[in-house]
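Text of the file run-v9.txt, holding compact mmCIF, C-alpha atoms:
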```
# COMPACT_ATOMS: atom_id res chain seq x y z
CA MET A 133 -14.75 44.65 -27.83
CA SER A 134 -16.16 46.77 -30.64
CA GLY A 135 -17.43 50.32 -30.60
CA GLU A 136 -16.01 53.80 -30.34
CA THR A 137 -13.95 54.78 -27.35
CA GLY A 138 -12.67 58.07 -26.08
CA SER A 139 -9.91 58.94 -23.65
CA THR A 140 -10.02 59.37 -19.89
CA ILE A 141 -7.79 61.10 -17.36
CA ASP A 142 -5.81 57.94 -16.65
CA GLY A 143 -5.57 56.96 -20.29
CA ALA A 144 -7.96 54.00 -19.98
CA PRO A 145 -10.65 53.57 -22.65
CA GLU A 146 -13.90 55.34 -21.97
CA VAL A 147 -16.92 53.09 -22.45
CA ASN A 148 -20.39 54.37 -23.28
CA PRO A 149 -22.99 52.06 -21.67
CA GLU A 150 -25.49 52.94 -24.41
CA ARG A 151 -23.17 52.39 -27.37
CA SER A 152 -24.08 48.75 -28.17
CA SER A 153 -25.22 45.48 -26.70
CA SER A 154 -21.69 44.08 -27.11
CA SER A 155 -20.64 45.92 -23.95
CA ARG A 156 -22.82 43.44 -22.03
CA PHE A 157 -20.11 40.85 -22.69
CA ALA A 158 -17.43 42.71 -20.73
CA SER A 159 -15.92 40.73 -17.88
CA GLY A 160 -14.98 42.16 -14.52
CA ILE A 161 -15.96 43.29 -11.04
CA PRO A 162 -18.70 45.94 -10.51
CA SER A 163 -17.67 49.42 -9.38
CA SER A 164 -19.86 49.05 -6.26
CA ALA A 165 -17.76 46.13 -4.96
CA ARG A 166 -15.45 46.58 -1.97
CA VAL A 167 -11.93 45.19 -2.09
CA LEU A 168 -10.08 44.31 1.13
CA ARG A 169 -6.77 46.18 1.30
CA ALA A 170 -3.77 44.64 3.03
CA ASP A 171 -1.79 47.84 3.56
CA THR A 172 -4.52 49.63 5.55
CA GLY A 173 -6.77 46.67 6.40
CA ALA A 174 -9.86 48.53 5.18
CA PRO A 175 -12.50 47.47 2.65
CA VAL A 176 -12.45 50.10 -0.12
CA GLY A 177 -14.88 50.69 -2.96
CA LEU A 178 -13.54 49.71 -6.35
CA SER A 179 -14.52 53.06 -7.87
CA GLU A 180 -12.44 54.81 -5.19
CA ILE A 181 -9.43 52.60 -5.90
CA ALA A 182 -9.75 53.29 -9.62
CA CYS A 183 -9.44 57.03 -8.96
CA SER A 184 -6.33 56.65 -6.78
CA THR A 185 -2.77 56.95 -8.06
CA GLU A 186 -1.17 55.59 -4.89
CA PRO A 187 0.26 52.04 -4.84
CA GLN A 188 -2.01 49.67 -2.94
CA CYS A 189 -1.90 46.10 -1.64
CA VAL A 190 -4.79 43.70 -1.26
CA TRP A 191 -5.31 40.42 0.57
CA SER A 192 -5.02 37.35 -1.64
CA LEU A 193 -5.21 33.63 -1.05
CA GLY A 194 -1.85 31.95 -1.56
CA GLU A 195 -1.23 28.45 -2.87
CA ASP A 196 -0.97 27.28 0.74
CA LEU A 197 -4.48 28.74 1.34
CA ARG A 198 -3.08 31.39 3.66
CA MET A 199 -3.86 35.07 3.31
CA VAL A 200 -0.99 36.96 1.68
CA ALA A 201 -0.50 40.64 0.81
CA SER A 202 -0.18 41.27 -2.94
CA PRO A 203 0.34 44.52 -4.88
CA LEU A 204 -2.70 45.69 -6.83
CA GLY A 205 -2.15 46.77 -10.43
CA LYS A 206 -4.03 49.46 -12.31
CA VAL A 207 -7.79 49.14 -11.89
CA ILE A 208 -9.36 49.85 -15.29
CA PRO A 209 -13.01 50.16 -16.38
CA VAL A 210 -13.80 47.74 -19.22
CA GLY A 211 -17.46 48.42 -19.97
CA MET A 212 -20.91 47.28 -18.97
CA ALA A 213 -21.72 43.68 -18.12
CA ASP A 214 -24.69 41.62 -16.99
CA VAL A 215 -23.76 40.57 -13.47
CA LEU A 216 -25.07 37.88 -11.17
CA ARG A 217 -25.57 38.26 -7.42
CA VAL A 218 -24.49 35.26 -5.37
CA HIS A 219 -25.97 34.82 -1.89
CA LEU A 220 -24.05 32.70 0.62
CA ALA A 221 -25.26 30.91 3.74
CA SER A 222 -23.22 33.28 5.92
CA GLY A 223 -25.33 36.19 4.65
CA ARG A 224 -22.56 37.56 2.49
CA GLN A 225 -23.42 38.49 -1.06
CA ILE A 226 -21.31 39.40 -4.07
CA GLU A 227 -21.99 40.61 -7.62
CA LEU A 228 -19.70 39.63 -10.50
CA SER A 229 -19.79 39.09 -14.23
CA ARG A 230 -20.32 35.48 -15.30
CA ASP A 231 -16.68 34.72 -16.13
CA GLN A 232 -15.20 35.65 -12.74
CA GLU A 233 -14.08 32.65 -10.70
CA PHE A 234 -14.51 31.40 -7.14
CA ARG A 235 -12.26 29.03 -5.20
CA ALA A 236 -13.83 25.64 -4.54
CA VAL A 237 -12.06 22.86 -2.66
CA THR A 238 -11.35 21.12 -5.99
CA GLY A 239 -10.06 24.27 -7.72
CA TRP A 240 -11.36 27.42 -9.38
CA ILE A 241 -14.87 27.51 -10.81
CA PRO A 242 -16.43 30.28 -12.97
CA LEU A 243 -19.62 31.94 -11.79
CA ARG A 244 -21.51 30.76 -14.89
CA GLU A 245 -20.99 27.13 -13.75
CA LEU A 246 -21.88 27.71 -10.11
CA GLU A 247 -24.69 25.67 -8.57
CA ILE A 248 -26.80 26.01 -5.45
CA GLY A 249 -25.11 24.16 -2.60
CA GLN A 250 -21.60 24.69 -3.98
CA ARG A 251 -19.14 25.60 -1.24
CA LEU A 252 -16.77 28.51 -1.83
CA ALA A 253 -13.73 29.95 -0.09
CA ILE A 254 -14.09 33.03 2.09
CA PRO A 255 -11.51 34.22 4.66
CA ARG A 256 -11.79 32.72 8.14
CA TYR A 257 -8.94 34.92 9.36
CA ILE A 258 -7.50 38.27 8.22
CA PRO A 259 -3.96 39.29 9.33
CA GLU A 260 -3.10 42.69 10.73
CA PRO A 261 -2.52 45.43 8.12
CA ILE A 262 0.99 45.87 6.77
CA HIS A 263 1.23 49.57 7.57
CA GLY A 264 -0.68 49.59 10.84
CA THR A 265 -1.08 52.65 13.04
CA ARG A 266 -2.30 53.22 16.57
CA LEU A 267 -5.03 55.48 17.88
CA ALA A 268 -5.50 56.73 21.40
CA ASP A 269 -7.56 54.19 23.37
CA ALA A 270 -9.93 57.03 24.27
CA GLU A 271 -10.66 57.58 20.57
CA ILE A 272 -11.33 53.88 20.01
CA ILE A 273 -13.69 53.73 23.01
CA LEU A 274 -15.57 56.94 22.20
CA LEU A 275 -15.92 55.98 18.55
CA ALA A 276 -17.43 52.58 19.39
CA HIS A 277 -20.01 54.12 21.72
CA MET A 278 -20.90 56.96 19.35
CA ILE A 279 -21.47 54.50 16.51
CA GLY A 280 -23.69 52.41 18.77
CA ASP A 281 -25.65 54.82 20.97
CA GLY A 282 -24.42 58.27 19.99
CA SER A 283 -26.17 61.08 18.13
CA CYS A 284 -24.24 63.58 16.06
CA VAL A 285 -26.95 65.03 13.83
CA LYS A 286 -26.24 68.39 12.21
CA ARG A 287 -27.42 71.51 14.06
CA GLN A 288 -28.07 69.51 17.22
CA PRO A 289 -25.91 68.92 20.32
CA ILE A 290 -23.73 65.81 20.32
CA ARG A 291 -25.33 63.31 22.69
CA TYR A 292 -24.82 59.84 24.04
CA ALA A 293 -27.61 57.84 25.70
CA SER A 294 -27.44 54.69 27.82
CA ILE A 295 -28.86 52.97 30.88
CA ASP A 296 -25.50 51.36 31.65
CA GLU A 297 -23.48 53.35 34.20
CA GLU A 298 -20.22 51.72 33.11
CA ASN A 299 -20.85 52.77 29.52
CA LEU A 300 -21.70 56.31 30.61
CA ALA A 301 -18.51 56.48 32.64
CA ALA A 302 -16.43 55.18 29.72
CA VAL A 303 -17.82 57.84 27.38
CA ALA A 304 -17.40 60.64 29.92
CA THR A 305 -13.77 59.65 30.51
CA ALA A 306 -13.01 59.27 26.80
CA ALA A 307 -14.51 62.70 26.05
CA THR A 308 -11.87 64.36 28.24
CA HIS A 309 -9.31 63.30 25.60
CA PHE A 310 -10.87 66.07 23.48
CA GLY A 311 -11.09 68.51 26.38
CA VAL A 312 -14.84 67.91 26.66
CA THR A 313 -16.64 67.55 29.98
CA ALA A 314 -19.83 65.50 29.64
CA ILE A 315 -23.01 67.02 31.09
CA ARG A 316 -25.39 64.44 32.52
CA ASP A 317 -29.14 64.76 31.87
CA GLU A 318 -31.57 62.33 33.47
CA TYR A 319 -35.03 61.96 31.97
CA ALA A 320 -37.29 59.55 33.82
CA ALA A 321 -39.76 59.42 30.93
CA ALA A 322 -37.01 58.35 28.49
CA ARG A 323 -35.82 55.67 30.93
CA CYS A 324 -32.20 56.42 30.09
CA ILE A 325 -29.45 58.89 30.90
CA THR A 326 -28.08 61.29 28.30
CA LEU A 327 -24.63 62.81 28.16
CA ARG A 328 -24.27 66.11 26.31
CA LEU A 329 -20.78 66.45 24.90
CA ARG A 330 -20.49 70.22 24.67
CA ALA A 331 -17.47 72.07 23.29
CA PRO A 332 -15.08 73.43 25.95
CA TYR A 333 -15.24 76.90 24.35
CA ARG A 334 -17.68 79.21 22.58
CA LEU A 335 -18.38 78.17 19.02
CA GLY A 336 -18.28 80.47 16.03
CA HIS A 337 -15.75 82.07 13.66
CA GLY A 338 -14.71 78.68 12.34
CA LYS A 339 -14.55 76.98 15.74
CA ARG A 340 -16.29 73.63 16.05
CA ASN A 341 -16.92 71.17 18.79
CA PRO A 342 -13.68 69.10 18.74
CA ILE A 343 -15.65 65.83 18.84
CA ALA A 344 -17.85 67.01 15.95
CA ALA A 345 -14.79 67.98 13.92
CA TRP A 346 -13.17 64.59 14.64
CA LEU A 347 -16.29 62.66 13.64
CA ASP A 348 -16.51 64.76 10.50
CA GLU A 349 -12.95 63.82 9.54
CA LEU A 350 -13.92 60.17 9.93
CA GLY A 351 -16.99 60.64 7.73
CA LEU A 352 -19.48 59.90 10.52
CA PHE A 353 -20.79 63.33 11.46
CA GLY A 354 -24.42 63.90 10.53
CA LEU A 355 -25.18 60.25 9.79
CA ARG A 356 -28.34 58.51 10.92
CA SER A 357 -28.14 55.07 12.51
CA TYR A 358 -28.89 53.26 9.22
CA GLU A 359 -26.04 55.15 7.50
CA LYS A 360 -23.26 54.44 9.99
CA PHE A 361 -20.12 52.43 9.27
CA VAL A 362 -16.71 51.66 10.74
CA PRO A 363 -14.25 54.32 9.56
CA LYS A 364 -11.04 53.31 7.80
CA ALA A 365 -8.89 54.40 10.75
CA VAL A 366 -10.20 51.49 12.86
CA PHE A 367 -9.18 48.88 10.28
CA ASP A 368 -5.64 50.25 10.36
CA VAL A 369 -5.00 49.57 14.07
CA GLY A 370 -3.54 46.44 15.66
CA ASN A 371 -5.64 43.51 16.82
CA ASP A 372 -5.51 44.62 20.45
CA GLN A 373 -7.31 47.84 19.55
CA VAL A 374 -9.69 45.98 17.23
CA ALA A 375 -10.63 43.89 20.26
CA LEU A 376 -11.04 47.07 22.33
CA PHE A 377 -13.32 48.59 19.69
CA LEU A 378 -15.49 45.46 19.48
CA ARG A 379 -15.65 45.16 23.27
CA HIS A 380 -17.20 48.62 23.55
CA LEU A 381 -19.30 48.40 20.39
CA TRP A 382 -20.91 45.17 21.69
CA ALA A 383 -21.79 47.07 24.87
CA THR A 384 -24.20 49.22 22.84
CA ASP A 385 -26.25 47.19 20.36
CA GLY A 386 -24.72 43.79 21.05
CA SER A 387 -26.14 40.92 23.03
CA VAL A 388 -24.62 38.00 24.92
CA ARG A 389 -26.78 35.55 26.86
CA TRP A 390 -26.97 31.90 27.78
CA ASP A 391 -29.87 29.93 26.31
CA GLU A 392 -30.77 27.45 29.05
CA LYS A 393 -33.24 25.55 26.88
CA GLY A 394 -30.84 25.15 23.97
CA ASN A 395 -27.79 24.80 26.23
CA GLN A 396 -25.86 27.24 24.08
CA GLY A 397 -24.67 30.82 23.94
CA ARG A 398 -26.47 33.50 21.96
CA VAL A 399 -24.08 36.19 20.74
CA TYR A 400 -25.03 38.82 18.18
CA TYR A 401 -24.76 42.47 17.14
CA ALA A 402 -27.73 44.27 15.56
CA SER A 403 -27.95 47.39 13.38
CA THR A 404 -30.14 48.94 10.71
CA SER A 405 -26.96 49.65 8.72
CA ARG A 406 -25.94 46.75 6.48
CA ARG A 407 -22.58 48.41 5.81
CA LEU A 408 -21.84 48.66 9.53
CA VAL A 409 -22.62 44.97 10.02
CA ASP A 410 -20.40 44.04 7.06
CA ASP A 411 -17.58 46.13 8.56
CA VAL A 412 -17.91 44.50 11.96
CA ALA A 413 -17.85 41.05 10.30
CA ILE A 414 -14.47 41.95 8.75
CA LEU A 415 -13.12 43.15 12.10
CA LEU A 416 -14.20 39.88 13.71
CA LEU A 417 -12.04 38.01 11.19
CA ARG A 418 -9.04 39.91 12.54
CA LEU A 419 -9.63 37.99 15.78
CA GLY A 420 -10.26 34.70 13.99
CA VAL A 421 -14.03 34.86 14.57
CA HIS A 422 -16.52 34.02 11.81
CA GLY A 423 -19.87 35.81 11.81
CA ARG A 424 -23.13 35.15 9.96
CA ILE A 425 -25.39 37.95 8.73
CA LYS A 426 -29.16 37.73 8.81
CA ARG A 427 -31.81 40.24 7.78
CA VAL A 428 -34.92 40.66 9.95
CA ARG A 429 -37.93 42.49 8.57
CA LYS A 430 -40.79 44.06 10.50
CA ALA A 431 -43.67 45.98 8.97
CA GLY A 432 -43.32 49.73 9.47
CA TYR A 433 -39.63 49.55 10.40
CA ARG A 434 -36.34 49.57 8.57
CA ASP A 435 -34.71 46.24 7.92
CA CYS A 436 -32.47 45.18 10.78
CA TRP A 437 -29.27 43.22 10.26
CA PHE A 438 -28.06 40.72 12.83
CA LEU A 439 -24.45 39.59 12.92
CA THR A 440 -24.40 36.35 14.89
CA ILE A 441 -21.41 34.50 16.30
CA ASP A 442 -22.30 30.81 16.39
CA GLY A 443 -20.56 27.71 17.69
CA VAL A 444 -18.56 27.00 20.83
CA GLN A 445 -15.16 27.73 19.26
CA ASN A 446 -16.27 31.00 17.64
CA GLN A 447 -18.02 32.29 20.75
CA THR A 448 -15.19 31.24 23.06
CA GLN A 449 -12.65 33.03 20.85
CA PHE A 450 -14.71 36.24 20.77
CA LEU A 451 -15.48 36.33 24.48
CA SER A 452 -11.90 35.43 25.44
CA VAL A 453 -10.15 37.94 23.18
CA ALA A 454 -12.66 40.81 23.01
CA GLY A 455 -15.40 40.27 25.57
CA VAL A 456 -17.99 42.94 26.31
CA HIS A 457 -17.72 46.13 28.36
CA GLY A 458 -20.22 47.24 30.98
CA ALA A 459 -23.24 45.42 32.38
CA ARG A 460 -23.31 43.00 29.44
CA GLY A 461 -19.80 41.97 30.44
CA GLU A 462 -21.18 40.05 33.42
CA SER A 463 -23.43 38.03 31.12
CA ALA A 464 -20.50 37.53 28.73
CA ARG A 465 -18.33 36.09 31.52
CA ARG A 466 -21.09 33.70 32.51
CA VAL A 467 -21.54 32.53 28.92
CA LEU A 468 -17.79 32.03 28.53
CA GLY A 469 -17.75 29.90 31.66
CA GLU A 470 -20.54 27.72 30.29
CA LEU A 471 -18.82 27.40 26.91
CA LEU A 472 -15.56 26.23 28.45
CA SER A 473 -17.40 23.21 29.88
CA LEU A 474 -18.81 22.16 26.49
CA ALA A 475 -17.25 20.10 23.72
CA PRO A 476 -16.96 22.19 20.53
CA ASN A 477 -19.26 21.42 17.62
CA THR A 478 -17.10 20.43 14.64
CA ASN A 479 -19.94 20.53 12.11
CA VAL A 480 -19.71 24.28 11.36
CA ASP A 481 -16.18 24.93 10.08
CA THR A 482 -15.82 21.87 7.85
CA ILE A 483 -14.01 20.92 4.66
CA PRO A 484 -16.43 20.11 1.77
CA LYS A 485 -17.16 16.44 1.13
CA GLU A 486 -15.49 16.64 -2.30
CA ILE A 487 -12.14 16.31 -0.50
CA TRP A 488 -12.92 12.62 0.02
CA VAL A 489 -12.28 12.09 -3.71
CA SER A 490 -8.66 13.11 -3.15
CA VAL A 491 -8.45 10.99 0.00
CA ARG A 492 -9.68 7.90 -1.85
CA GLN A 493 -7.15 8.49 -4.63
CA ILE A 494 -4.34 8.71 -2.06
CA LEU A 495 -5.59 5.54 -0.34
CA ALA A 496 -5.54 3.71 -3.66
CA SER A 497 -2.05 4.91 -4.50
CA GLN A 498 -0.78 3.75 -1.11
CA GLY A 499 -2.64 0.44 -1.19
CA VAL A 500 -4.67 1.18 1.94
CA THR A 501 -8.14 -0.41 2.11
CA TYR A 502 -11.18 1.53 3.30
CA ARG A 503 -11.51 -0.78 6.32
CA GLU A 504 -7.88 -0.19 7.27
CA PHE A 505 -8.41 3.53 6.88
CA ALA A 506 -11.56 3.50 9.05
CA ALA A 507 -9.73 1.54 11.74
CA ALA A 508 -6.84 4.00 11.71
CA MET A 509 -9.31 6.87 12.09
CA ASN A 510 -10.99 5.04 14.99
CA THR A 511 -14.34 5.13 13.25
CA LYS A 512 -16.82 2.45 12.21
CA PHE A 513 -16.66 1.47 8.55
CA CYS A 514 -20.07 2.12 6.97
CA GLY A 515 -19.36 1.61 3.30
CA SER A 516 -20.05 4.69 1.15
CA THR A 517 -21.56 6.62 4.11
CA LEU A 518 -18.07 7.72 5.12
CA TRP A 519 -17.71 9.79 1.93
CA LYS A 520 -21.09 11.56 1.96
CA HIS A 521 -20.36 14.32 4.47
CA GLY A 522 -17.87 17.10 5.01
CA VAL A 523 -14.99 16.58 7.38
CA SER A 524 -13.90 18.63 10.38
CA ARG A 525 -10.49 20.28 10.39
CA SER A 526 -9.30 18.16 13.30
CA ARG A 527 -10.31 14.92 11.57
CA LEU A 528 -8.75 15.98 8.28
CA ALA A 529 -5.53 16.77 10.16
CA LYS A 530 -5.52 13.17 11.45
CA VAL A 531 -6.13 11.89 7.92
CA ALA A 532 -3.25 14.02 6.66
CA GLU A 533 -0.89 12.61 9.28
CA PHE A 534 -1.97 9.03 8.63
CA LEU A 535 -1.44 9.42 4.88
CA ASP A 536 1.50 11.82 5.31
CA ASP A 537 -0.01 14.16 2.71
CA ASP A 538 0.92 17.86 2.60
CA SER A 539 -2.06 18.91 0.45
CA LEU A 540 -4.45 17.63 3.11
CA ARG A 541 -2.42 19.36 5.83
CA VAL A 542 -2.83 22.64 3.94
CA LEU A 543 -6.61 22.26 3.87
CA ALA A 544 -6.79 21.33 7.54
CA THR A 545 -4.87 24.43 8.66
CA SER A 546 -5.92 26.97 6.00
CA ASP A 547 -7.23 30.53 6.40
CA VAL A 548 -10.37 29.50 4.50
CA PHE A 549 -13.95 29.03 5.62
CA TRP A 550 -16.00 27.07 3.09
CA ASP A 551 -19.27 28.98 2.70
CA ARG A 552 -22.30 27.59 0.85
CA VAL A 553 -24.18 29.11 -2.12
CA VAL A 554 -27.90 29.49 -1.33
CA ASP A 555 -29.10 31.63 -4.24
CA ILE A 556 -27.98 33.16 -7.53
CA VAL A 557 -30.00 36.02 -9.04
CA SER A 558 -29.54 38.70 -11.68
CA GLY A 559 -27.83 41.91 -10.65
CA GLY A 560 -28.61 43.73 -13.88
CA ALA A 561 -26.20 45.58 -16.14
CA GLN A 562 -23.37 47.36 -14.32
CA GLU A 563 -20.06 49.00 -15.10
CA VAL A 564 -17.22 46.55 -14.41
CA PHE A 565 -13.47 46.85 -13.83
CA THR A 566 -10.44 44.63 -14.17
CA CYS A 567 -8.34 44.32 -11.00
CA PRO A 568 -4.93 42.81 -11.79
CA VAL A 569 -3.15 41.45 -8.72
CA LEU A 570 0.63 41.27 -9.07
CA GLY A 571 2.23 38.07 -7.80
CA ALA A 572 -1.15 36.43 -7.22
CA ASP A 573 -4.26 35.76 -9.24
CA ASN A 574 -7.02 36.54 -6.75
CA LEU A 575 -8.28 39.03 -4.19
CA VAL A 576 -10.98 39.38 -1.52
CA VAL A 577 -14.09 41.12 -2.89
CA ASP A 578 -17.07 41.77 -0.60
CA GLY A 579 -15.72 39.14 1.79
CA VAL A 580 -15.29 36.41 -0.85
CA VAL A 581 -12.14 35.11 -2.59
CA VAL A 582 -12.38 35.91 -6.33
CA ARG A 583 -10.10 35.26 -9.29
CA GLN A 584 -10.12 37.42 -12.40
CA ALA A 585 -11.38 35.69 -15.53
CA ARG A 586 -8.52 34.52 -17.75
CA GLN A 587 -8.44 36.58 -20.93
```
As structure tokens, please, write out the structure in this file.
Amino acid sequence: MSGETGSTIDGAPEVNPERSSSSRFASGIPSSARVLRADTGAPVGLSEIACSTEPQCVWSLGEDLRMVASPLGKVIPVGMADVLRVHLASGRQIELSRDQEFRAVTGWIPLRELEIGQRLAIPRYIPEPIHGTRLADAEIILLAHMIGDGSCVKRQPIRYASIDEENLAAVATAATHFGVTAIRDEYAAARCITLRLRAPYRLGHGKRNPIAAWLDELGLFGLRSYEKFVPKAVFDVGNDQVALFLRHLWATDGSVRWDEKGNQGRVYYASTSRRLVDDVAILLLRLGVHGRIKRVRKAGYRDCWFLTIDGVQNQTQFLSVAGVHGARGESARRVLGELLSLAPNTNVDTIPKEIWVSVRQILASQGVTYREFAAAMNTKFCGSTLWKHGVSRSRLAKVAEFLDDDSLRVLATSDVFWDRVVDIVSGGAQEVFTCPVLGADNLVVDGVVVRQARQ
């Protein structure tokens, strides 16, 4: 790149966005992107990582398509670049410069060559963090309820509101962990019950409500509902406490019901905070549950984001491992019972149809005819129709065993969900960074597997 540069604190070149149009040709990841750390399990803003001097690990996709922890090198700003925003069918979206690459089933593909309908790798499972910690269960429970139905606005009492007696009891019990005794207020006009979580001592002279001080440490105190998020401490805990957190969070703004007409479960979580919904989607992956994000607009109201859990396998996994606390738990148990009597739909988590090219090459090399292959798979031979659709994991596993092919076995058992591109739009000019990953060539950015452009 041309142009004058200065020095920065970390010794990296300083780039002036206004210096020349050549900076538009920088290649990298925007500073607003969030990278998924493997050491703490939390998604962290790239600009925050760039300012840190501590060694960090990130989740990468290994050659066996399993998630692996890899050390992150020095994150360095490289200038301004015109970025593109890619929208996926799952509701995820990511901004990158044109040269950054995505993982397709046939290999890596640069963003500039991406097409609508292309299917890309995103994690379908995230392992537990390397350096996990444990919080008190009371903290996990209280945090979930305060994020959902709590109010901790500055200069106002800390409150929790609900119509669910089991939720109220859970919050009152959890508050005692901080020495706080909940005071119950019933307002018929509000059609709900409020718990005031008052400090156990007189405030002043530097003394704060212990719950307020705790929420402040987590970065949640004073936030409105549309500003809330899952604090980093929750991502650092084991999967059992992730399940506990989700169980109680779903008891606030979550929903679980059985759709009699559609003969299917309806499971979702709703919030006006897009960041909160993104965070919950990452936590679901810790339990092996894939969620889809949808925006709902209504005139005069803030946009609402729905995180839906679709499909028999996904819903069964969520309700079996996490479930829902309180009154909604009864509905959740009923839905789980209905799901267990249904055959799972294998048309959601599929391998892209391009894999059939590899299968046909293997068949040719082994001298197996298409009719012989169809017979072995116990399916009717329909000429080229067989190759026009994606394949379920279970069917691909059978193909892999029949052909005794390890590459197909890897795809059938991978940690990858193949999402679909639905739109590509301009994201404007943004500052971008390079993110070298040691021992691997990719990382998870905004929920999508990305490889740095080769220099």
Legend entry - Long-range neighbours of Cys436 of chain A as a PyMOL selection string, 9 Å cut-off, all atoms listed in the file, 2 positions minimum in chain: chain A and resi 358+402-406+426-430+433-434+438
What would the file look like if the residues just selected were written as a short mmCIF file (atom, residue, chain, number, x, y, z; two decimals), keeping the file's coordinate frame with C-alpha atoms?
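Dumped to part-v5.cif:
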```cif
data_model
loop_
_atom_site.label_atom_id
_atom_site.label_comp_id
_atom_site.auth_asym_id
_atom_site.auth_seq_id
_atom_site.Cartn_x
_atom_site.Cartn_y
_atom_site.Cartn_z
CA TYR A 358 -28.89 53.26 9.22
CA ALA A 402 -27.73 44.27 15.56
CA SER A 403 -27.95 47.39 13.38
CA THR A 404 -30.14 48.94 10.71
CA SER A 405 -26.96 49.65 8.72
CA ARG A 406 -25.94 46.75 6.48
CA LYS A 426 -29.16 37.73 8.81
CA ARG A 427 -31.81 40.24 7.78
CA VAL A 428 -34.92 40.66 9.95
CA ARG A 429 -37.93 42.49 8.57
CA LYS A 430 -40.79 44.06 10.50
CA TYR A 433 -39.63 49.55 10.40
CA ARG A 434 -36.34 49.57 8.57
CA PHE A 438 -28.06 40.72 12.83
#
```
Legend entry - d(atom CA of Pro332 of chain A, atom CA of Ile315 of chain A) in Å: 11.4 Å
Inset, instruction - Around the point (-20.0, 54.2, 11.5) in the file's coordinates, collect all residues with an atom within 6 Å, using all atoms listed in the file, and return them as a PyMOL selection string. - result: chain A and resi 279+352+360-362
Inset, instruction - Quick one: everything within 10 Å of segment 393-399 of chain A, counting only C-alpha atoms, minus sequence neighbours fewer than 3 positions away in the same chain. Send it as a ChimeraX atom specification. - result: /A:382,386-390,423,438-444,446-448,450-451,464,466-468,470-471,474
Legend entry - Nearest to Arg583 of chain A, chosen from A:Glu462, A:Cys567, A:Ala306, A:Gln288, with all atoms listed in the file counted in the distances: A:Cys567
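Around Ser229 of chain A, within 6 Å and counting only C-alpha atoms, the residues found are A:Ser159, A:Gly160, A:Val215, once anything fewer than 6 positions away on its own chain is removed.
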Atoms added to segment 423-436 of chain A (N, CA and C atoms), reported as a short mmCIF file (atom, residue, chain, number, x, y, z; two decimals), in the frame of the given file:
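Final output, selection.cif:
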```
data_model
loop_
_atom_site.label_atom_id
_atom_site.label_comp_id
_atom_site.auth_asym_id
_atom_site.auth_seq_id
_atom_site.Cartn_x
_atom_site.Cartn_y
_atom_site.Cartn_z
N GLY A 423 -18.51 35.37 11.51
CA GLY A 423 -19.87 35.81 11.81
C GLY A 423 -20.81 35.53 10.66
N ARG A 424 -22.09 35.34 10.97
CA ARG A 424 -23.13 35.15 9.96
C ARG A 424 -24.09 36.33 10.00
N ILE A 425 -24.53 36.77 8.84
CA ILE A 425 -25.39 37.95 8.73
C ILE A 425 -26.80 37.54 8.34
N LYS A 426 -27.77 38.07 9.07
CA LYS A 426 -29.16 37.73 8.81
C LYS A 426 -30.01 38.99 8.81
N ARG A 427 -30.91 39.09 7.84
CA ARG A 427 -31.81 40.24 7.78
C ARG A 427 -33.13 39.90 8.45
N VAL A 428 -33.63 40.83 9.27
CA VAL A 428 -34.92 40.66 9.95
C VAL A 428 -35.82 41.82 9.54
N ARG A 429 -36.99 41.48 9.03
CA ARG A 429 -37.93 42.49 8.57
C ARG A 429 -39.14 42.58 9.50
N LYS A 430 -39.60 43.82 9.69
CA LYS A 430 -40.79 44.06 10.50
C LYS A 430 -41.57 45.20 9.86
N ALA A 431 -42.83 44.98 9.65
CA ALA A 431 -43.67 45.98 8.97
C ALA A 431 -43.59 47.33 9.68
N GLY A 432 -43.37 48.38 8.91
CA GLY A 432 -43.32 49.73 9.47
C GLY A 432 -41.96 50.14 9.99
N TYR A 433 -40.97 49.25 9.91
CA TYR A 433 -39.63 49.55 10.40
C TYR A 433 -38.59 49.27 9.31
N ARG A 434 -37.44 49.87 9.47
CA ARG A 434 -36.34 49.57 8.57
C ARG A 434 -35.86 48.14 8.80
N ASP A 435 -35.31 47.55 7.76
CA ASP A 435 -34.71 46.24 7.92
C ASP A 435 -33.61 46.30 8.97
N CYS A 436 -33.53 45.27 9.77
CA CYS A 436 -32.47 45.18 10.78
C CYS A 436 -31.55 44.02 10.42
#
```
